[in-house]
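K.L.:
The following file, data32.cif, comprises mmCIF, C-alpha atoms:
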```cif
data_query
loop_
_atom_site.group_PDB
_atom_site.id
_atom_site.type_symbol
_atom_site.label_atom_id
_atom_site.label_comp_id
_atom_site.auth_asym_id
_atom_site.auth_seq_id
_atom_site.Cartn_x
_atom_site.Cartn_y
_atom_site.Cartn_z
ATOM 1 C CA MET N 1 101.652 79.119 97.866
ATOM 2 C CA GLU N 2 100.720 80.270 101.382
ATOM 3 C CA ASN N 3 103.187 82.712 102.862
ATOM 4 C CA LYS N 4 102.215 81.978 106.470
ATOM 5 C CA GLN N 5 104.671 83.488 108.913
ATOM 6 C CA ASN N 6 104.657 82.895 112.608
ATOM 7 C CA PHE N 7 105.141 86.347 114.014
ATOM 8 C CA THR N 8 104.985 86.681 117.758
ATOM 9 C CA GLU N 9 102.441 89.101 119.213
ATOM 10 C CA GLU N 10 105.358 91.437 119.952
ATOM 11 C CA GLU N 11 106.538 91.298 116.321
ATOM 12 C CA VAL N 12 103.009 91.986 115.052
ATOM 13 C CA THR N 13 102.807 95.024 117.351
ATOM 14 C CA GLU N 14 106.184 96.203 116.042
ATOM 15 C CA ILE N 15 105.070 95.744 112.413
ATOM 16 C CA ARG N 16 101.845 97.687 113.118
ATOM 17 C CA ASP N 17 103.983 100.481 114.587
ATOM 18 C CA GLN N 18 106.136 100.447 111.418
ATOM 19 C CA ILE N 19 102.959 100.644 109.332
ATOM 20 C CA LEU N 20 101.694 103.653 111.322
ATOM 21 C CA THR N 21 105.093 105.332 111.009
ATOM 22 C CA ALA N 22 105.027 104.759 107.235
ATOM 23 C CA LEU N 23 101.482 106.154 107.079
ATOM 24 C CA GLU N 24 102.774 109.353 108.704
ATOM 25 C CA SER N 25 104.597 109.991 105.406
ATOM 26 C CA VAL N 26 101.235 110.224 103.611
ATOM 27 C CA ILE N 27 100.278 113.903 103.639
ATOM 28 C CA ASP N 28 96.767 115.215 103.012
ATOM 29 C CA PRO N 29 97.493 117.685 100.187
ATOM 30 C CA GLU N 30 94.663 120.026 101.190
ATOM 31 C CA LEU N 31 95.656 120.353 104.849
ATOM 32 C CA GLY N 32 99.405 119.625 104.666
ATOM 33 C CA ILE N 33 99.240 117.256 107.655
ATOM 34 C CA ASP N 34 99.783 113.498 107.617
ATOM 35 C CA ILE N 35 96.777 111.171 107.673
ATOM 36 C CA VAL N 36 97.715 109.625 111.040
ATOM 37 C CA ASN N 37 97.836 112.949 112.917
ATOM 38 C CA LEU N 38 94.649 114.055 111.163
ATOM 39 C CA GLY N 39 92.965 111.029 112.744
ATOM 40 C CA LEU N 40 91.940 109.531 109.400
ATOM 41 C CA ILE N 41 93.345 106.067 110.190
ATOM 42 C CA TYR N 42 90.768 104.090 112.151
ATOM 43 C CA GLU N 43 92.331 100.616 112.120
ATOM 44 C CA VAL N 44 95.437 98.764 110.958
ATOM 45 C CA ASP N 45 94.902 95.032 110.586
ATOM 46 C CA PHE N 46 98.105 93.100 109.850
ATOM 47 C CA GLU N 47 97.700 89.359 109.273
ATOM 48 C CA GLN N 48 100.318 86.612 109.594
ATOM 49 C CA ASP N 49 100.418 86.173 105.790
ATOM 50 C CA GLY N 50 101.348 89.828 105.283
ATOM 51 C CA ASN N 51 97.892 90.928 104.147
ATOM 52 C CA THR N 52 97.238 94.337 105.616
ATOM 53 C CA VAL N 53 93.909 96.149 105.770
ATOM 54 C CA ILE N 54 93.880 99.864 106.517
ATOM 55 C CA LYS N 55 90.491 101.224 107.574
ATOM 56 C CA MET N 56 90.399 104.945 107.124
ATOM 57 C CA THR N 57 88.039 107.800 106.562
ATOM 58 C CA LEU N 58 88.290 111.153 104.834
ATOM 59 C CA THR N 59 87.613 114.620 106.173
ATOM 60 C CA THR N 60 84.535 114.864 103.942
ATOM 61 C CA MET N 61 82.465 112.244 102.159
ATOM 62 C CA GLY N 62 82.905 113.803 98.726
ATOM 63 C CA CYS N 63 86.661 114.246 99.146
ATOM 64 C CA PRO N 64 88.290 113.844 95.714
ATOM 65 C CA LEU N 65 91.572 112.656 97.256
ATOM 66 C CA ALA N 66 90.583 109.046 98.026
ATOM 67 C CA ASP N 67 92.454 107.545 95.048
ATOM 68 C CA LEU N 68 95.519 109.732 95.558
ATOM 69 C CA LEU N 69 95.738 108.864 99.274
ATOM 70 C CA THR N 70 95.177 105.154 98.545
ATOM 71 C CA ASP N 71 98.053 105.202 96.024
ATOM 72 C CA GLN N 72 100.295 107.005 98.517
ATOM 73 C CA ILE N 73 99.416 104.479 101.233
ATOM 74 C CA GLN N 74 100.262 101.591 98.871
ATOM 75 C CA GLY N 75 103.605 103.236 98.085
ATOM 76 C CA ALA N 76 104.469 103.960 101.718
ATOM 77 C CA LEU N 77 103.767 100.390 102.849
ATOM 78 C CA LYS N 78 105.848 98.823 100.029
ATOM 79 C CA GLU N 79 108.868 99.768 102.146
ATOM 80 C CA ILE N 80 107.863 97.286 104.875
ATOM 81 C CA PRO N 81 109.062 93.801 103.871
ATOM 82 C CA GLU N 82 106.538 91.939 106.063
ATOM 83 C CA VAL N 83 103.602 93.608 104.263
ATOM 84 C CA SER N 84 102.717 91.584 101.164
ATOM 85 C CA ASN N 85 99.373 93.072 100.195
ATOM 86 C CA VAL N 86 97.564 96.267 101.167
ATOM 87 C CA GLU N 87 93.843 96.907 101.036
ATOM 88 C CA VAL N 88 92.525 100.345 101.921
ATOM 89 C CA LYS N 89 88.909 100.370 103.078
ATOM 90 C CA LEU N 90 87.114 103.685 103.327
ATOM 91 C CA VAL N 91 84.686 103.836 106.215
ATOM 92 C CA TRP N 92 82.298 106.632 107.091
ATOM 93 C CA TYR N 93 81.349 105.623 110.626
ATOM 94 C CA PRO N 94 82.132 107.028 113.009
ATOM 95 C CA ALA N 95 82.188 110.271 111.066
ATOM 96 C CA TRP N 96 85.470 112.161 111.179
ATOM 97 C CA THR N 97 85.584 115.318 113.296
ATOM 98 C CA THR N 98 88.424 117.584 114.360
ATOM 99 C CA ASP N 99 88.287 115.778 117.742
ATOM 100 C CA LYS N 100 90.092 112.863 116.059
ATOM 101 C CA MET N 101 93.114 115.043 115.248
ATOM 102 C CA SER N 102 96.277 114.832 117.318
ATOM 103 C CA ARG N 103 97.396 117.781 119.401
ATOM 104 C CA TYR N 104 100.169 118.330 116.834
ATOM 105 C CA ALA N 105 97.663 118.584 113.955
ATOM 106 C CA ARG N 106 95.408 120.941 115.918
ATOM 107 C CA ILE N 107 98.311 123.267 116.701
ATOM 108 C CA ALA N 108 99.587 123.161 113.114
ATOM 109 C CA LEU N 109 96.150 124.097 111.800
ATOM 110 C CA GLY N 110 95.412 126.654 114.546
ATOM 111 C CA ILE N 111 92.478 124.703 115.981
ATOM 112 C CA ARG N 112 91.859 124.858 119.729
#
```
Translate this file's structure into structure tokens.
P.N.:
Amino acid sequence: MENKQNFTEEEVTEIRDQILTALESVIDPELGIDIVNLGLIYEVDFEQDGNTVIKMTLTTMGCPLADLLTDQIQGALKEIPEVSNVEVKLVWYPAWTTDKMSRYARIALGIR
């Protein structure tokens, strides 16, 4: 059974904002900062049927936290009723640098 909604563009934007807010509850255990402010989230793609694809990277390619962060993302987005399915895609391009961090994250980590 297709669960096709007809969200307006405004509602989709609002849902994406809710998704980003929920992702701010996912904390990188090594750095103690959330994955949004660290600049690890590259794209949030929310579809009308509730399927949501999160494109993200990690601070390093061999980071052992991929599974843990993916599980935390799944848990955080369960709270949003419009999201029916979550797929986390790890991407390595463009490579993550500290330039992608928010001002808040830079200050918290003492990076100028």
K.L.:
Give the answer as one residue: which of N:Val83, N:Ala76, N:Ile27, N:Cys63 has the shortest atom-to-atom distance to N:Gln5, using all atoms listed in the file?
P.N.:
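Checking each of N:Val83, N:Ala76, N:Ile27, N:Cys63 against N:Gln5, counting all atoms listed in the file, the winner is N:Val83.
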K.L.:
Once the PyMOL selection byres ((chain N and resi 46-53) around 7) has been applied to the shown file, what residues remain in the selection, as a compact mmCIF listing (two decimals) with C-alpha atoms, keeping the file's coordinate frame?
P.N.:
```
# COMPACT_ATOMS: atom_id res chain seq x y z
CA ASN N 3 103.19 82.71 102.86
CA LYS N 4 102.22 81.98 106.47
CA GLN N 5 104.67 83.49 108.91
CA ASN N 6 104.66 82.90 112.61
CA PHE N 7 105.14 86.35 114.01
CA ARG N 16 101.84 97.69 113.12
CA VAL N 44 95.44 98.76 110.96
CA ASP N 45 94.90 95.03 110.59
CA ILE N 54 93.88 99.86 106.52
CA LYS N 55 90.49 101.22 107.57
CA GLU N 82 106.54 91.94 106.06
CA VAL N 83 103.60 93.61 104.26
CA SER N 84 102.72 91.58 101.16
CA ASN N 85 99.37 93.07 100.20
CA VAL N 86 97.56 96.27 101.17
CA GLU N 87 93.84 96.91 101.04
CA VAL N 88 92.52 100.34 101.92
```
K.L.:
When the PyMOL selection byres ((chain N and resi 73) around 10) is applied to the structure above, which residues does it catch, written out as a ChimeraX atom specification?
P.N.:
/N:19,22-27,35,54,67-72,74-78,86-88
K.L.:
Give me, as JSON lines, the closest atom pair and its distance (Å, one decimal) for every residue of stretch 36-89 of chain N within a cut-off of 8 Å of stretch 96-111 of chain N, counting all atoms listed in the file, rows sorted by chain and rising number.
P.N.:
```
{"residue": "N:Asn37", "atom": "CA", "partner": "N:Ser102", "partner_atom": "CA", "distance": 5.0}
{"residue": "N:Leu38", "atom": "CA", "partner": "N:Met101", "partner_atom": "CA", "distance": 4.5}
{"residue": "N:Gly39", "atom": "CA", "partner": "N:Met101", "partner_atom": "CA", "distance": 4.7}
{"residue": "N:Leu40", "atom": "CA", "partner": "N:Trp96", "partner_atom": "CA", "distance": 7.2}
{"residue": "N:Thr57", "atom": "CA", "partner": "N:Trp96", "partner_atom": "CA", "distance": 6.9}
{"residue": "N:Leu58", "atom": "CA", "partner": "N:Trp96", "partner_atom": "CA", "distance": 7.0}
{"residue": "N:Thr59", "atom": "CA", "partner": "N:Trp96", "partner_atom": "CA", "distance": 6.0}
{"residue": "N:Thr60", "atom": "CA", "partner": "N:Trp96", "partner_atom": "CA", "distance": 7.8}
```
K.L.:
With all atoms listed in the file as the basis for distance, which of N:Tyr93, N:Thr8, N:Ile80, N:Leu65 is at the shortest distance from N:Leu31?
P.N.:
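Smallest separation from N:Leu31 among the options: N:Leu65.
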K.L.:
For atom CA of N:Ile33 and atom CA of N:Thr21, determine how far apart the two atoms are, in Å to one decimal place.
P.N.:
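Computing the Euclidean distance for atom CA of N:Ile33 and atom CA of N:Thr21 yields 13.7 Å.
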K.L.:
First collect every listed atom of stretch 48-66 of chain N; then fit an axis-aligned box around them, widen it by 5 Å on each side, and give centre and edge lengths in Å to one decimal, as AutoDock Vina command-line options.
P.N.:
```
--center_x 91.9 --center_y 100.5 --center_z 102.7 --size_x 28.9 --size_y 38.7 --size_z 23.9
```
